[in-house]
>>> print(open('entry.txt').read())   # compact mmCIF, N, CA and C atoms
# COMPACT_ATOMS: atom_id res chain seq x y z
N MET A 1 347.54 1.74 147.10
CA MET A 1 346.74 1.02 146.15
C MET A 1 346.09 -0.17 146.88
N ALA A 2 344.80 -0.33 146.67
CA ALA A 2 344.07 -1.40 147.34
C ALA A 2 344.38 -2.74 146.66
N LYS A 3 344.55 -3.76 147.49
CA LYS A 3 344.82 -5.09 146.94
C LYS A 3 343.49 -5.78 146.64
N THR A 4 343.50 -6.55 145.53
CA THR A 4 342.30 -7.30 145.18
C THR A 4 342.50 -8.76 145.57
N SER A 5 341.42 -9.38 145.92
CA SER A 5 341.49 -10.80 146.28
C SER A 5 341.59 -11.62 145.00
N PRO A 6 342.07 -12.85 145.12
CA PRO A 6 342.19 -13.70 143.92
C PRO A 6 340.84 -13.93 143.23
N ILE A 7 339.78 -14.06 143.98
CA ILE A 7 338.46 -14.28 143.38
C ILE A 7 338.01 -13.03 142.62
N GLU A 8 338.23 -11.88 143.22
CA GLU A 8 337.88 -10.62 142.55
C GLU A 8 338.71 -10.44 141.27
N PHE A 9 339.98 -10.82 141.34
CA PHE A 9 340.85 -10.73 140.17
C PHE A 9 340.33 -11.61 139.04
N ILE A 10 339.95 -12.85 139.37
CA ILE A 10 339.42 -13.77 138.36
C ILE A 10 338.14 -13.22 137.76
N ASN A 11 337.27 -12.63 138.58
CA ASN A 11 336.04 -12.03 138.05
C ASN A 11 336.34 -10.86 137.12
N GLN A 12 337.35 -10.07 137.44
CA GLN A 12 337.74 -8.96 136.58
C GLN A 12 338.31 -9.46 135.25
N VAL A 13 339.09 -10.53 135.31
CA VAL A 13 339.65 -11.11 134.09
C VAL A 13 338.53 -11.64 133.20
N ARG A 14 337.57 -12.32 133.78
CA ARG A 14 336.43 -12.83 133.00
C ARG A 14 335.65 -11.69 132.37
N ALA A 15 335.43 -10.61 133.11
CA ALA A 15 334.70 -9.47 132.57
C ALA A 15 335.45 -8.85 131.39
N GLU A 16 336.78 -8.78 131.50
CA GLU A 16 337.57 -8.19 130.41
C GLU A 16 337.61 -9.10 129.18
N THR A 17 337.68 -10.42 129.39
CA THR A 17 337.72 -11.32 128.24
C THR A 17 336.39 -11.35 127.49
N LYS A 18 335.31 -11.01 128.17
CA LYS A 18 334.01 -10.93 127.48
C LYS A 18 333.95 -9.73 126.55
N LYS A 19 334.80 -8.73 126.78
CA LYS A 19 334.84 -7.54 125.93
C LYS A 19 335.68 -7.73 124.66
N VAL A 20 336.45 -8.82 124.61
CA VAL A 20 337.32 -9.06 123.47
C VAL A 20 336.48 -9.38 122.24
N VAL A 21 336.85 -8.75 121.11
CA VAL A 21 336.19 -9.05 119.84
C VAL A 21 337.14 -9.94 119.05
N TRP A 22 336.77 -11.20 118.91
CA TRP A 22 337.62 -12.16 118.23
C TRP A 22 337.43 -12.04 116.72
N PRO A 23 338.51 -12.21 115.93
CA PRO A 23 338.37 -12.12 114.48
C PRO A 23 337.59 -13.31 113.92
N SER A 24 336.96 -13.05 112.79
CA SER A 24 336.22 -14.14 112.15
C SER A 24 337.20 -15.10 111.48
N ARG A 25 336.69 -16.22 111.03
CA ARG A 25 337.53 -17.21 110.35
C ARG A 25 338.14 -16.60 109.09
N ARG A 26 337.33 -15.85 108.35
CA ARG A 26 337.81 -15.20 107.11
C ARG A 26 338.92 -14.20 107.42
N GLU A 27 338.75 -13.39 108.45
CA GLU A 27 339.78 -12.41 108.82
C GLU A 27 341.09 -13.10 109.21
N THR A 28 340.98 -14.20 109.92
CA THR A 28 342.16 -14.94 110.35
C THR A 28 342.89 -15.52 109.15
N ILE A 29 342.16 -16.09 108.21
CA ILE A 29 342.77 -16.66 107.01
C ILE A 29 343.43 -15.57 106.17
N MET A 30 342.73 -14.44 105.98
CA MET A 30 343.28 -13.35 105.18
C MET A 30 344.55 -12.79 105.82
N THR A 31 344.55 -12.66 107.13
CA THR A 31 345.74 -12.17 107.82
C THR A 31 346.89 -13.16 107.66
N GLY A 32 346.62 -14.44 107.78
CA GLY A 32 347.65 -15.46 107.60
C GLY A 32 348.23 -15.44 106.20
N VAL A 33 347.37 -15.28 105.20
CA VAL A 33 347.84 -15.21 103.80
C VAL A 33 348.72 -13.98 103.61
N MET A 34 348.30 -12.84 104.16
CA MET A 34 349.10 -11.62 104.02
C MET A 34 350.46 -11.77 104.71
N VAL A 35 350.49 -12.43 105.85
CA VAL A 35 351.77 -12.66 106.54
C VAL A 35 352.68 -13.53 105.68
N MET A 36 352.14 -14.57 105.07
CA MET A 36 352.95 -15.44 104.22
C MET A 36 353.48 -14.68 103.00
N ILE A 37 352.64 -13.85 102.38
CA ILE A 37 353.07 -13.07 101.22
C ILE A 37 354.19 -12.10 101.61
N MET A 38 354.00 -11.36 102.69
CA MET A 38 355.01 -10.40 103.11
C MET A 38 356.31 -11.09 103.52
N THR A 39 356.21 -12.25 104.17
CA THR A 39 357.39 -13.00 104.56
C THR A 39 358.17 -13.45 103.32
N THR A 40 357.47 -13.91 102.30
CA THR A 40 358.12 -14.33 101.06
C THR A 40 358.79 -13.16 100.36
N ILE A 41 358.09 -12.01 100.29
CA ILE A 41 358.67 -10.83 99.65
C ILE A 41 359.93 -10.38 100.39
N LEU A 42 359.87 -10.33 101.71
CA LEU A 42 361.04 -9.92 102.48
C LEU A 42 362.18 -10.91 102.34
N ALA A 43 361.88 -12.20 102.30
CA ALA A 43 362.92 -13.22 102.14
C ALA A 43 363.62 -13.04 100.80
N LEU A 44 362.86 -12.79 99.74
CA LEU A 44 363.46 -12.57 98.42
C LEU A 44 364.29 -11.29 98.39
N PHE A 45 363.80 -10.25 99.04
CA PHE A 45 364.54 -8.99 99.11
C PHE A 45 365.88 -9.19 99.81
N PHE A 46 365.86 -9.83 100.97
CA PHE A 46 367.10 -10.03 101.71
C PHE A 46 368.04 -11.01 101.00
N LEU A 47 367.49 -11.97 100.25
CA LEU A 47 368.33 -12.85 99.44
C LEU A 47 369.06 -12.02 98.39
N GLY A 48 368.36 -11.09 97.75
CA GLY A 48 368.99 -10.22 96.75
C GLY A 48 370.06 -9.34 97.36
N VAL A 49 369.77 -8.72 98.50
CA VAL A 49 370.74 -7.85 99.17
C VAL A 49 371.96 -8.66 99.58
N ASP A 50 371.75 -9.84 100.12
CA ASP A 50 372.86 -10.69 100.55
C ASP A 50 373.71 -11.10 99.36
N THR A 51 373.08 -11.42 98.23
CA THR A 51 373.81 -11.80 97.03
C THR A 51 374.68 -10.65 96.52
N VAL A 52 374.12 -9.45 96.52
CA VAL A 52 374.89 -8.28 96.08
C VAL A 52 376.07 -8.03 97.00
N PHE A 53 375.85 -8.05 98.31
CA PHE A 53 376.94 -7.83 99.25
C PHE A 53 378.01 -8.92 99.14
N ASN A 54 377.58 -10.15 98.92
CA ASN A 54 378.52 -11.25 98.75
C ASN A 54 379.39 -11.01 97.52
N ALA A 55 378.80 -10.56 96.42
CA ALA A 55 379.56 -10.28 95.21
C ALA A 55 380.55 -9.14 95.45
N ILE A 56 380.13 -8.11 96.17
CA ILE A 56 381.01 -6.97 96.45
C ILE A 56 382.19 -7.42 97.31
N VAL A 57 381.93 -8.18 98.36
CA VAL A 57 383.00 -8.64 99.25
C VAL A 57 383.96 -9.56 98.49
N ASN A 58 383.43 -10.45 97.68
CA ASN A 58 384.30 -11.34 96.90
C ASN A 58 385.16 -10.53 95.92
N ALA A 59 384.60 -9.50 95.31
CA ALA A 59 385.36 -8.66 94.38
C ALA A 59 386.47 -7.94 95.13
N LEU A 60 386.15 -7.41 96.30
CA LEU A 60 387.18 -6.71 97.08
C LEU A 60 388.27 -7.67 97.56
N LEU A 61 387.89 -8.87 97.95
CA LEU A 61 388.88 -9.84 98.41
C LEU A 61 389.77 -10.32 97.26
N SER A 62 389.20 -10.40 96.06
CA SER A 62 390.02 -10.83 94.92
C SER A 62 391.05 -9.77 94.55
N LEU A 63 390.78 -8.50 94.86
CA LEU A 63 391.74 -7.42 94.61
C LEU A 63 392.93 -7.50 95.58
N ALA A 64 392.71 -8.05 96.75
CA ALA A 64 393.75 -8.11 97.78
C ALA A 64 394.73 -9.24 97.53
N LYS A 65 394.42 -10.17 96.64
CA LYS A 65 395.31 -11.30 96.40
C LYS A 65 396.50 -10.92 95.56
>>> encode(input="entry.txt", output="structure tokens")
Amino acid sequence: MAKTSPIEFINQVRAETKKVVWPSRRETIMTGVMVMIMTTILALFFLGVDTVFNAIVNALLSLAK
């Protein structure tokens, strides 16, 4: 494999970054809102699962007394 010089590498990086399509402000905001909504839904789901498991474990431990 041929080695590239540091200058050639920098030129290749610049050429590749020019090909990047950056999201618009609206797309960024919508994605952020969706992330917050999904994070909240998952947090509530796991809170419910944890509460149920906690109740089950407490019930089982109370039987052992």
>>> select_by_dssp(input="entry.txt", residues="region 3-33 of chain A", states="helix (DSSP H, G or I)", output="ChimeraX atom specification")
/A:6-18,25-33
>>> atom_distance(input="entry.txt", atom1="atom C of Leu60 (chain A)", atom2="atom N of Leu44 (chain A)")
26.0 Å
>>> axis_aligned_box(input="entry.txt", around="region 51-55 of chain A", padding_each_side="5 Å", output="lines of an AutoDock Vina configuration file")
center_x = 376.8
center_y = -9.8
center_z = 97.2
size_x = 17.5
size_y = 14.0
size_z = 14.0
>>> atom_distance(input="entry.txt", atom1="CA of Thr17 (chain A)", atom2="CA of Met30 (chain A)")
23.8 Å
>>> build_atoms(input="entry.txt", residues="region 12-23 of chain A", atoms="all heavy atoms", output="PDB file, in the coordinates of the input")
ATOM      1  N   GLN A  12     337.350 -10.070 137.440  1.00  0.00           N
ATOM      2  CA  GLN A  12     337.740  -8.960 136.580  1.00  0.00           C
ATOM      3  C   GLN A  12     338.310  -9.460 135.250  1.00  0.00           C
ATOM      4  O   GLN A  12     338.013  -8.902 134.192  1.00  0.00           O
ATOM      5  CB  GLN A  12     338.768  -8.066 137.274  1.00  0.00           C
ATOM      6  CG  GLN A  12     338.195  -7.263 138.417  1.00  0.00           C
ATOM      7  CD  GLN A  12     339.268  -6.483 139.170  1.00  0.00           C
ATOM      8  OE1 GLN A  12     340.452  -6.585 138.870  1.00  0.00           O
ATOM      9  NE2 GLN A  12     338.832  -5.716 140.159  1.00  0.00           N
ATOM     10  N   VAL A  13     339.090 -10.530 135.310  1.00  0.00           N
ATOM     11  CA  VAL A  13     339.650 -11.110 134.090  1.00  0.00           C
ATOM     12  C   VAL A  13     338.530 -11.640 133.200  1.00  0.00           C
ATOM     13  O   VAL A  13     338.518 -11.405 131.988  1.00  0.00           O
ATOM     14  CB  VAL A  13     340.661 -12.229 134.425  1.00  0.00           C
ATOM     15  CG1 VAL A  13     341.044 -13.014 133.187  1.00  0.00           C
ATOM     16  CG2 VAL A  13     341.894 -11.642 135.090  1.00  0.00           C
ATOM     17  N   ARG A  14     337.570 -12.320 133.780  1.00  0.00           N
ATOM     18  CA  ARG A  14     336.430 -12.830 133.000  1.00  0.00           C
ATOM     19  C   ARG A  14     335.650 -11.690 132.370  1.00  0.00           C
ATOM     20  O   ARG A  14     335.236 -11.789 131.210  1.00  0.00           O
ATOM     21  CB  ARG A  14     335.515 -13.668 133.894  1.00  0.00           C
ATOM     22  CG  ARG A  14     336.070 -15.020 134.201  1.00  0.00           C
ATOM     23  CD  ARG A  14     335.084 -15.850 134.986  1.00  0.00           C
ATOM     24  NE  ARG A  14     335.665 -17.155 135.298  1.00  0.00           N
ATOM     25  CZ  ARG A  14     335.182 -17.981 136.188  1.00  0.00           C
ATOM     26  NH1 ARG A  14     334.105 -17.657 136.877  1.00  0.00           N
ATOM     27  NH2 ARG A  14     335.766 -19.137 136.407  1.00  0.00           N
ATOM     28  N   ALA A  15     335.430 -10.610 133.110  1.00  0.00           N
ATOM     29  CA  ALA A  15     334.700  -9.470 132.570  1.00  0.00           C
ATOM     30  C   ALA A  15     335.450  -8.850 131.390  1.00  0.00           C
ATOM     31  O   ALA A  15     334.835  -8.457 130.390  1.00  0.00           O
ATOM     32  CB  ALA A  15     334.482  -8.430 133.658  1.00  0.00           C
ATOM     33  N   GLU A  16     336.780  -8.780 131.500  1.00  0.00           N
ATOM     34  CA  GLU A  16     337.570  -8.190 130.410  1.00  0.00           C
ATOM     35  C   GLU A  16     337.610  -9.100 129.180  1.00  0.00           C
ATOM     36  O   GLU A  16     337.565  -8.620 128.057  1.00  0.00           O
ATOM     37  CB  GLU A  16     338.997  -7.890 130.881  1.00  0.00           C
ATOM     38  CG  GLU A  16     339.096  -6.735 131.837  1.00  0.00           C
ATOM     39  CD  GLU A  16     338.638  -5.417 131.233  1.00  0.00           C
ATOM     40  OE1 GLU A  16     338.952  -5.141 130.056  1.00  0.00           O
ATOM     41  OE2 GLU A  16     337.949  -4.672 131.950  1.00  0.00           O
ATOM     42  N   THR A  17     337.680 -10.420 129.390  1.00  0.00           N
ATOM     43  CA  THR A  17     337.720 -11.320 128.240  1.00  0.00           C
ATOM     44  C   THR A  17     336.390 -11.350 127.490  1.00  0.00           C
ATOM     45  O   THR A  17     336.362 -11.639 126.300  1.00  0.00           O
ATOM     46  CB  THR A  17     338.097 -12.749 128.648  1.00  0.00           C
ATOM     47  OG1 THR A  17     337.210 -13.212 129.665  1.00  0.00           O
ATOM     48  CG2 THR A  17     339.522 -12.828 129.131  1.00  0.00           C
ATOM     49  N   LYS A  18     335.310 -11.010 128.170  1.00  0.00           N
ATOM     50  CA  LYS A  18     334.010 -10.930 127.480  1.00  0.00           C
ATOM     51  C   LYS A  18     333.950  -9.730 126.550  1.00  0.00           C
ATOM     52  O   LYS A  18     333.167  -9.711 125.611  1.00  0.00           O
ATOM     53  CB  LYS A  18     332.866 -10.843 128.502  1.00  0.00           C
ATOM     54  CG  LYS A  18     332.619 -12.154 129.214  1.00  0.00           C
ATOM     55  CD  LYS A  18     331.499 -12.048 130.210  1.00  0.00           C
ATOM     56  CE  LYS A  18     331.326 -13.361 130.956  1.00  0.00           C
ATOM     57  NZ  LYS A  18     330.289 -13.293 131.985  1.00  0.00           N
ATOM     58  N   LYS A  19     334.800  -8.730 126.780  1.00  0.00           N
ATOM     59  CA  LYS A  19     334.840  -7.540 125.930  1.00  0.00           C
ATOM     60  C   LYS A  19     335.680  -7.730 124.660  1.00  0.00           C
ATOM     61  O   LYS A  19     335.610  -6.923 123.751  1.00  0.00           O
ATOM     62  CB  LYS A  19     335.432  -6.353 126.705  1.00  0.00           C
ATOM     63  CG  LYS A  19     334.614  -5.931 127.900  1.00  0.00           C
ATOM     64  CD  LYS A  19     335.318  -4.803 128.625  1.00  0.00           C
ATOM     65  CE  LYS A  19     334.614  -4.443 129.917  1.00  0.00           C
ATOM     66  NZ  LYS A  19     335.345  -3.397 130.661  1.00  0.00           N
ATOM     67  N   VAL A  20     336.450  -8.820 124.610  1.00  0.00           N
ATOM     68  CA  VAL A  20     337.320  -9.060 123.470  1.00  0.00           C
ATOM     69  C   VAL A  20     336.480  -9.380 122.240  1.00  0.00           C
ATOM     70  O   VAL A  20     335.547 -10.182 122.301  1.00  0.00           O
ATOM     71  CB  VAL A  20     338.298 -10.223 123.761  1.00  0.00           C
ATOM     72  CG1 VAL A  20     339.104 -10.599 122.529  1.00  0.00           C
ATOM     73  CG2 VAL A  20     339.207  -9.862 124.913  1.00  0.00           C
ATOM     74  N   VAL A  21     336.850  -8.750 121.110  1.00  0.00           N
ATOM     75  CA  VAL A  21     336.190  -9.050 119.840  1.00  0.00           C
ATOM     76  C   VAL A  21     337.140  -9.940 119.050  1.00  0.00           C
ATOM     77  O   VAL A  21     338.195  -9.505 118.597  1.00  0.00           O
ATOM     78  CB  VAL A  21     335.896  -7.751 119.053  1.00  0.00           C
ATOM     79  CG1 VAL A  21     335.244  -8.078 117.719  1.00  0.00           C
ATOM     80  CG2 VAL A  21     335.028  -6.827 119.873  1.00  0.00           C
ATOM     81  N   TRP A  22     336.770 -11.200 118.910  1.00  0.00           N
ATOM     82  CA  TRP A  22     337.620 -12.160 118.230  1.00  0.00           C
ATOM     83  C   TRP A  22     337.430 -12.040 116.720  1.00  0.00           C
ATOM     84  O   TRP A  22     336.327 -11.791 116.243  1.00  0.00           O
ATOM     85  CB  TRP A  22     337.288 -13.577 118.685  1.00  0.00           C
ATOM     86  CG  TRP A  22     337.561 -13.785 120.146  1.00  0.00           C
ATOM     87  CD1 TRP A  22     336.649 -13.796 121.146  1.00  0.00           C
ATOM     88  CD2 TRP A  22     338.837 -13.954 120.765  1.00  0.00           C
ATOM     89  NE1 TRP A  22     337.271 -13.978 122.357  1.00  0.00           N
ATOM     90  CE2 TRP A  22     338.613 -14.076 122.147  1.00  0.00           C
ATOM     91  CE3 TRP A  22     340.141 -14.017 120.284  1.00  0.00           C
ATOM     92  CZ2 TRP A  22     339.660 -14.264 123.051  1.00  0.00           C
ATOM     93  CZ3 TRP A  22     341.171 -14.208 121.177  1.00  0.00           C
ATOM     94  CH2 TRP A  22     340.930 -14.337 122.544  1.00  0.00           C
ATOM     95  N   PRO A  23     338.510 -12.210 115.930  1.00  0.00           N
ATOM     96  CA  PRO A  23     338.370 -12.120 114.480  1.00  0.00           C
ATOM     97  C   PRO A  23     337.590 -13.310 113.920  1.00  0.00           C
ATOM     98  O   PRO A  23     337.596 -14.396 114.501  1.00  0.00           O
ATOM     99  CB  PRO A  23     339.823 -12.149 113.981  1.00  0.00           C
ATOM    100  CG  PRO A  23     340.587 -12.826 115.067  1.00  0.00           C
ATOM    101  CD  PRO A  23     339.889 -12.471 116.346  1.00  0.00           C
TER     102      PRO A  23
END
